[in-house]
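The structure appears right after this line, and notes come after that.
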Amino acid sequence: MAIMTMLDGVFGAIAGVFMKLMSVVLSLMVSAGSMAAAPATDDPIKATDEENVQLIVEVLADTQLNAFNTNSAYLDLAMQDYQNAETDLEGLLILGDVTENSLECEWNRISEIFNANGFDDTLLLATGNHDIRLRDMEQIKDRFYGLQNEFTVVEPEGELNYSYELNGYTFIVMGSDTSEMEEANIGDEQLAWLDATMSEATADGKPVFVILHQVLANTHGLPYTWGNGSNKTAGSVGEDSDAIYNVLNKYENVILLTGHLHTGFGQYTYETLGDNGNITSINFPGLGKDCIQGIEGYGQGAIMEVYEDQVIIRARDVSNGAYYGAEYDLTIDLK
Ligand SMILES: [Fe+2]
């Protein structure tokens, strides 16, 4: 039995006490003014072209909701900002490391935050290394699909991978086949499924959205952006990177959505890959992490707008309720 699964009861009990303590600390921080009580409402989420937008969703990465600190506040603020939107959003994506320790109380807290803020749109979650490390797969799947299916029911296509169609666009959520510490193990079966699902999704010329917690090897400023990397794939998805890339590279209009690095919006956020620039890789900042190497700090998210011929990513300070500005955004022209 994996160590975290074995110690889950002990950690769970301690974490439950901590979580109560942290909510007291948080309310003290709000009343002392060191944490915002609510995001501003004068620069709400709004589609660039409301008439023609086909799909608009919020994208968050690395919420890493942690029973042992107060970072749950950022998810709460983000969900308030979500509900303040002028253009109704159709869903929320969280690109892995949903929780810090994958404790039951952490998964439950996220559900409480969603419910307290009246969230009832489509939710698509991916797992990250923090959600799966040192735990038995059955426990991981119970917790992960427990939260996922409370809001949007998905059909697993393997252990932690599934696809979902939203307004006619396909979202492919990848996930490690085994419990891993930092990287993801994407086996042949999942690669074959990725290939087949991408083939179907792109047959009519539409873009396809692939969600993978970690970035591909040697992208988004690696190894520099990971810092402590000792092997050539450190900070990336790992040794299956080339195999994943080879599948993605077969298709046009591939939008790869990733997290994991905790870099703020800036020079490492957007990258064009593929033999003919057919893959746009986007590395989103960690909402619940103190990001560096770009815009610094917690509370960063993004709004993704999909049009017939373009996909627009707009960087947003979701905890304060404001767009960062056009220099942090990306417009992808579809082929
Ligand atoms: Fe993370």
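Identifiers in this document derive from the order of the structure tokens: chains are assigned A, B, ..., residues are numbered from 1 separately in each chain, and ligands are numbered from 1 in order of occurrence.
Using only C-alpha atoms and all ligand atoms, we find that the residues with an atom at most 7 Å from any atom of ligand 1 are Asp62, Gln64, Asp97, His130, His260, Leu261, His262 and Gly286 of chain A.
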Please produce a file of those selected residues containing C-alpha atoms, as an mmCIF file, in the first residue's frame.
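What follows is the written file result.cif:
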```
data_model
loop_
_atom_site.group_PDB
_atom_site.id
_atom_site.type_symbol
_atom_site.label_atom_id
_atom_site.label_comp_id
_atom_site.auth_asym_id
_atom_site.auth_seq_id
_atom_site.Cartn_x
_atom_site.Cartn_y
_atom_site.Cartn_z
ATOM 1 C CA ASP A 62 -2.325 24.329 -9.660
ATOM 2 C CA GLN A 64 -3.088 23.141 -4.829
ATOM 3 C CA ASP A 97 -2.565 19.766 -8.825
ATOM 4 C CA HIS A 130 0.322 16.427 -6.062
ATOM 5 C CA HIS A 260 2.940 22.522 -13.070
ATOM 6 C CA LEU A 261 5.734 25.111 -13.413
ATOM 7 C CA HIS A 262 4.103 27.890 -11.341
ATOM 8 C CA GLY A 286 -0.572 28.276 -10.452
#
```
For Asn115 of chain A: contacts at 12 Å, only C-alpha atoms, fewer than 3 positions along chain excluded, given as a CSV table (one decimal) with C-alpha atoms, in the first residue's frame:
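The result, stored in selection26.csv:
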```csv
chain,number,residue,atom,x,y,z
A,76,ASP,CA,-12.9,31.3,-3.3
A,79,MET,CA,-15.1,31.7,-8.0
A,80,GLN,CA,-16.6,35.0,-6.9
A,83,GLN,CA,-19.8,34.6,-10.9
A,108,ASN,CA,-14.2,18.3,0.0
A,109,ARG,CA,-13.2,22.0,0.6
A,110,ILE,CA,-13.1,22.6,-3.1
A,111,SER,CA,-16.6,21.2,-3.5
A,112,GLU,CA,-17.7,23.5,-0.6
A,118,GLY,CA,-23.3,28.7,-6.8
A,119,PHE,CA,-21.1,27.1,-9.4
A,120,ASP,CA,-23.2,24.9,-11.7
A,121,ASP,CA,-21.4,25.0,-15.0
A,147,LEU,CA,-15.3,15.8,-7.1
A,150,GLU,CA,-20.3,15.8,-8.5
A,151,PHE,CA,-20.4,18.7,-11.1
```
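If you measure from each of A:Leu75, A:Val154, A:Ala201, A:Ile255 to Val306 of chain A using only C-alpha atoms, the closest one turns out to be A:Ile255.
For Asp81 of chain A, the residues within 10 Å (counting only C-alpha atoms, excluding itself and residues fewer than 4 positions away along the chain) are Ala38, Pro39, Ala40, Thr41, Asp43, Pro44, Ile45, Leu75, Asp76, Leu77, Ala85, Asn117, Asp317, Val318, Ser319, Asn320, Gly321 and Ala322 of chain A.
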**Request:** Do a neighbour search on Glu58 of chain A at 7 Å with only C-alpha atoms, toss out local chain neighbours closer than 6 positions, and write the hits as a ChimeraX atom specification.
**Result:** /A:91-93,302-304
Could those selected residues go to a file with N, CA and C atoms, as an mmCIF file, in the first residue's frame?
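To be explicit, this is the file written out as selection.cif:
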```
data_model
loop_
_atom_site.group_PDB
_atom_site.id
_atom_site.type_symbol
_atom_site.label_atom_id
_atom_site.label_comp_id
_atom_site.auth_asym_id
_atom_site.auth_seq_id
_atom_site.Cartn_x
_atom_site.Cartn_y
_atom_site.Cartn_z
ATOM 1 N N GLY A 91 -17.861 27.169 -18.408
ATOM 2 C CA GLY A 91 -17.195 26.113 -17.658
ATOM 3 C C GLY A 91 -15.880 26.551 -17.066
ATOM 4 N N LEU A 92 -15.336 25.631 -16.285
ATOM 5 C CA LEU A 92 -14.067 25.854 -15.592
ATOM 6 C C LEU A 92 -13.174 24.637 -15.801
ATOM 7 N N LEU A 93 -11.933 24.920 -16.184
ATOM 8 C CA LEU A 93 -10.935 23.850 -16.308
ATOM 9 C C LEU A 93 -9.901 24.030 -15.206
ATOM 10 N N ALA A 302 -6.960 32.506 -16.178
ATOM 11 C CA ALA A 302 -7.142 32.998 -17.548
ATOM 12 C C ALA A 302 -8.537 32.689 -18.039
ATOM 13 N N ILE A 303 -8.946 33.467 -19.019
ATOM 14 C CA ILE A 303 -10.204 33.217 -19.696
ATOM 15 C C ILE A 303 -9.868 32.803 -21.124
ATOM 16 N N MET A 304 -10.458 31.710 -21.578
ATOM 17 C CA MET A 304 -10.227 31.247 -22.947
ATOM 18 C C MET A 304 -11.499 31.440 -23.762
#
```
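Atom pair atom CA of Asp195 of chain A / atom CA of Ile211 of chain A: separated by 13.9 Å.
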- segment 218-224 of chain A surroundings by only C-alpha atoms, 12 Å radius, close-in-sequence under 3 positions cut, as number ranges by chain: A: 214-215, 227-239, 241-242, 245, 256, 258-274, 280-285, 292-294
The distance between atom CA of Leu7 of chain A and atom CA of Asn149 of chain A is 25.8 Å
Q. Using only C-alpha atoms, which residues sit within 7 Å of segment 134-136 of chain A once same-chain residues fewer than 2 positions away are excluded, as a PyMOL selection string?
A. chain A and resi 1-5+132+138-140+179+181
Output the selection as an mmCIF file, in the first residue's frame - N, CA and C atoms for each residue.
```cif
data_model
loop_
_atom_site.group_PDB
_atom_site.id
_atom_site.type_symbol
_atom_site.label_atom_id
_atom_site.label_comp_id
_atom_site.auth_asym_id
_atom_site.auth_seq_id
_atom_site.Cartn_x
_atom_site.Cartn_y
_atom_site.Cartn_z
ATOM 1 N N MET A 1 0.850 -1.200 0.000
ATOM 2 C CA MET A 1 0.000 0.000 0.000
ATOM 3 C C MET A 1 0.890 1.257 0.000
ATOM 4 N N ALA A 2 0.545 2.233 -0.821
ATOM 5 C CA ALA A 2 1.363 3.454 -0.905
ATOM 6 C C ALA A 2 1.303 4.234 0.410
ATOM 7 N N ILE A 3 2.404 4.902 0.714
ATOM 8 C CA ILE A 3 2.597 5.506 2.042
ATOM 9 C C ILE A 3 1.503 6.508 2.421
ATOM 10 N N MET A 4 1.102 7.359 1.464
ATOM 11 C CA MET A 4 0.077 8.361 1.808
ATOM 12 C C MET A 4 -1.290 7.718 2.032
ATOM 13 N N THR A 5 -1.544 6.642 1.322
ATOM 14 C CA THR A 5 -2.798 5.916 1.542
ATOM 15 C C THR A 5 -2.780 5.274 2.920
ATOM 16 N N ILE A 132 -1.668 12.738 -7.044
ATOM 17 C CA ILE A 132 -1.511 11.278 -7.225
ATOM 18 C C ILE A 132 -0.316 10.670 -6.495
ATOM 19 N N GLU A 138 -6.622 3.428 -6.583
ATOM 20 C CA GLU A 138 -8.055 3.353 -6.275
ATOM 21 C C GLU A 138 -8.492 4.537 -5.420
ATOM 22 N N GLN A 139 -7.640 4.910 -4.452
ATOM 23 C CA GLN A 139 -7.980 6.049 -3.590
ATOM 24 C C GLN A 139 -7.952 7.364 -4.394
ATOM 25 N N ILE A 140 -6.940 7.486 -5.253
ATOM 26 C CA ILE A 140 -6.846 8.683 -6.094
ATOM 27 C C ILE A 140 -8.108 8.814 -6.946
ATOM 28 N N SER A 179 0.656 5.885 -10.106
ATOM 29 C CA SER A 179 1.019 6.908 -9.118
ATOM 30 C C SER A 179 2.496 7.250 -9.290
ATOM 31 N N MET A 181 5.727 10.412 -8.612
ATOM 32 C CA MET A 181 6.121 11.497 -7.701
ATOM 33 C C MET A 181 6.002 12.877 -8.356
#
```
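Between atom CA of Ile94 of chain A and atom CA of Met29 of chain A there is a distance of 26.1 Å.
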**Asked** In segment 114-315 of chain A, what's strand (DSSP E or B) per DSSP? Answer as a ChimeraX atom specification?
**Response** /A:122-126,162-166,169-173,208-211,215,236,254-258,263,270-273,279-283,286,291-292,297,300-306,310-315
Restrict the selected residues to N, CA and C atoms and save them as a short mmCIF file (atom, residue, chain, number, x, y, z; two decimals), in the first residue's frame.
```cif
data_model
loop_
_atom_site.label_atom_id
_atom_site.label_comp_id
_atom_site.auth_asym_id
_atom_site.auth_seq_id
_atom_site.Cartn_x
_atom_site.Cartn_y
_atom_site.Cartn_z
N THR A 122 -20.06 23.55 -16.40
CA THR A 122 -19.23 22.38 -16.68
C THR A 122 -17.88 22.51 -15.97
N LEU A 123 -17.49 21.45 -15.31
CA LEU A 123 -16.18 21.42 -14.63
C LEU A 123 -15.36 20.29 -15.25
N LEU A 124 -14.16 20.62 -15.68
CA LEU A 124 -13.25 19.59 -16.17
C LEU A 124 -11.95 19.67 -15.37
N LEU A 125 -11.69 18.64 -14.60
CA LEU A 125 -10.49 18.57 -13.77
C LEU A 125 -9.48 17.62 -14.39
N ALA A 126 -8.20 17.92 -14.21
CA ALA A 126 -7.14 16.97 -14.53
C ALA A 126 -6.37 16.71 -13.24
N TYR A 162 -9.81 11.08 -19.80
CA TYR A 162 -11.15 11.07 -20.38
C TYR A 162 -11.24 12.20 -21.40
N SER A 163 -12.29 12.18 -22.19
CA SER A 163 -12.53 13.32 -23.08
C SER A 163 -13.94 13.83 -22.85
N TYR A 164 -14.16 15.08 -23.24
CA TYR A 164 -15.47 15.69 -22.99
C TYR A 164 -15.73 16.70 -24.09
N GLU A 165 -16.95 16.69 -24.60
CA GLU A 165 -17.30 17.64 -25.65
C GLU A 165 -18.12 18.78 -25.06
N LEU A 166 -17.66 20.00 -25.33
CA LEU A 166 -18.33 21.18 -24.79
C LEU A 166 -18.59 22.12 -25.97
N TYR A 169 -16.72 21.36 -29.10
CA TYR A 169 -15.26 21.29 -29.05
C TYR A 169 -14.83 20.17 -28.10
N THR A 170 -13.78 19.44 -28.51
CA THR A 170 -13.35 18.30 -27.71
C THR A 170 -12.19 18.68 -26.78
N PHE A 171 -12.37 18.35 -25.51
CA PHE A 171 -11.32 18.52 -24.50
C PHE A 171 -10.82 17.11 -24.14
N ILE A 172 -9.53 16.92 -24.30
CA ILE A 172 -8.92 15.62 -23.99
C ILE A 172 -8.09 15.79 -22.72
N VAL A 173 -8.49 15.11 -21.68
CA VAL A 173 -7.81 15.25 -20.38
C VAL A 173 -6.91 14.03 -20.18
N VAL A 208 -8.57 21.32 -31.23
CA VAL A 208 -8.75 20.32 -30.17
C VAL A 208 -7.93 20.78 -28.97
N PHE A 209 -8.50 20.62 -27.80
CA PHE A 209 -7.87 21.09 -26.57
C PHE A 209 -7.37 19.88 -25.77
N VAL A 210 -6.06 19.84 -25.56
CA VAL A 210 -5.47 18.73 -24.82
C VAL A 210 -4.96 19.25 -23.48
N ILE A 211 -5.42 18.64 -22.42
CA ILE A 211 -5.02 19.05 -21.07
C ILE A 211 -4.04 18.03 -20.51
N VAL A 215 4.31 20.15 -18.67
CA VAL A 215 4.66 20.56 -20.04
C VAL A 215 5.52 19.48 -20.70
N SER A 236 9.21 18.44 -16.60
CA SER A 236 8.31 18.12 -17.72
C SER A 236 7.50 16.87 -17.40
N VAL A 254 -3.90 22.33 -32.61
CA VAL A 254 -3.81 21.65 -31.31
C VAL A 254 -3.50 22.71 -30.24
N ILE A 255 -4.33 22.77 -29.23
CA ILE A 255 -4.11 23.71 -28.13
C ILE A 255 -3.78 22.87 -26.90
N LEU A 256 -2.54 22.95 -26.45
CA LEU A 256 -2.09 22.15 -25.30
C LEU A 256 -2.12 23.03 -24.05
N LEU A 257 -2.91 22.63 -23.08
CA LEU A 257 -3.10 23.43 -21.86
C LEU A 257 -2.39 22.74 -20.70
N THR A 258 -1.44 23.42 -20.08
CA THR A 258 -0.61 22.81 -19.04
C THR A 258 -0.44 23.73 -17.82
N THR A 263 4.98 29.33 -13.08
CA THR A 263 5.55 30.59 -13.57
C THR A 263 4.39 31.55 -13.84
N TYR A 270 3.67 31.23 -23.35
CA TYR A 270 3.16 30.77 -24.66
C TYR A 270 4.29 30.25 -25.53
N GLU A 271 4.03 29.15 -26.21
CA GLU A 271 5.06 28.59 -27.07
C GLU A 271 4.39 27.89 -28.27
N THR A 272 4.98 28.10 -29.44
CA THR A 272 4.45 27.42 -30.63
C THR A 272 5.34 26.23 -30.92
N LEU A 273 4.73 25.07 -31.09
CA LEU A 273 5.47 23.83 -31.34
C LEU A 273 4.91 23.15 -32.59
N ILE A 279 0.94 23.22 -33.09
CA ILE A 279 0.63 23.05 -31.67
C ILE A 279 0.91 24.36 -30.94
N THR A 280 -0.08 24.87 -30.23
CA THR A 280 0.18 26.00 -29.34
C THR A 280 0.17 25.46 -27.92
N SER A 281 1.31 25.59 -27.26
CA SER A 281 1.42 25.10 -25.88
C SER A 281 1.31 26.30 -24.94
N ILE A 282 0.44 26.19 -23.97
CA ILE A 282 0.24 27.29 -23.03
C ILE A 282 0.51 26.77 -21.63
N ASN A 283 1.35 27.45 -20.89
CA ASN A 283 1.62 27.07 -19.51
C ASN A 283 1.00 28.10 -18.59
N GLY A 286 0.13 29.01 -11.50
CA GLY A 286 -0.57 28.28 -10.45
C GLY A 286 -1.41 29.23 -9.60
N CYS A 291 3.66 32.50 -7.63
CA CYS A 291 4.38 32.33 -8.89
C CYS A 291 5.54 33.31 -9.04
N ILE A 292 6.52 32.91 -9.84
CA ILE A 292 7.69 33.76 -10.13
C ILE A 292 7.97 33.73 -11.63
N GLY A 297 3.27 36.23 -7.77
CA GLY A 297 2.24 36.11 -6.75
C GLY A 297 1.15 35.10 -7.06
N GLN A 300 -3.49 33.97 -10.10
CA GLN A 300 -3.52 34.19 -11.54
C GLN A 300 -4.33 33.09 -12.24
N GLY A 301 -5.14 33.50 -13.20
CA GLY A 301 -5.93 32.55 -13.99
C GLY A 301 -6.08 33.09 -15.39
N ALA A 302 -6.96 32.51 -16.18
CA ALA A 302 -7.14 33.00 -17.55
C ALA A 302 -8.54 32.69 -18.04
N ILE A 303 -8.95 33.47 -19.02
CA ILE A 303 -10.20 33.22 -19.70
C ILE A 303 -9.87 32.80 -21.12
N MET A 304 -10.46 31.71 -21.58
CA MET A 304 -10.23 31.25 -22.95
C MET A 304 -11.50 31.44 -23.76
N GLU A 305 -11.37 32.21 -24.83
CA GLU A 305 -12.50 32.48 -25.72
C GLU A 305 -12.25 31.75 -27.05
N VAL A 306 -13.23 31.00 -27.50
CA VAL A 306 -13.07 30.26 -28.75
C VAL A 306 -14.03 30.83 -29.80
N GLN A 310 -10.44 31.74 -34.40
CA GLN A 310 -9.41 32.14 -33.42
C GLN A 310 -9.68 31.55 -32.05
N VAL A 311 -8.61 31.39 -31.29
CA VAL A 311 -8.74 31.10 -29.85
C VAL A 311 -7.97 32.22 -29.14
N ILE A 312 -8.61 32.84 -28.19
CA ILE A 312 -7.97 33.95 -27.46
C ILE A 312 -7.81 33.56 -25.99
N ILE A 313 -6.59 33.75 -25.48
CA ILE A 313 -6.32 33.52 -24.06
C ILE A 313 -6.12 34.89 -23.42
N ARG A 314 -6.88 35.18 -22.39
CA ARG A 314 -6.75 36.47 -21.72
C ARG A 314 -6.35 36.26 -20.26
N ALA A 315 -5.18 36.78 -19.92
CA ALA A 315 -4.62 36.62 -18.58
C ALA A 315 -5.42 37.46 -17.59
#
```
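Of the residues listed (A:Ser199, A:Asn249, A:Thr127, A:Asn52), A:Thr127 shows the shortest atom-to-atom separation from Leu212 of chain A; distances use only C-alpha atoms.
Nearest-residue note for Tyr298 of chain A: choosing from A:Ala73, A:Ala203, A:Cys105, A:Met174, the minimum distance belongs to A:Ala73, counting only C-alpha atoms.
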Selection: 7 Å around Thr99 of chain A, only C-alpha atoms, excl. self and same-chain fewer than 2 positions, as an MDAnalysis selection string: chainID A and resid 63:66 97 101:102 106:107 130:131
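Proximity ranking of A:Ala217, A:Asn161, A:Leu28, A:Tyr307 relative to Glu51 of chain A places A:Tyr307 first, based on only C-alpha atoms.
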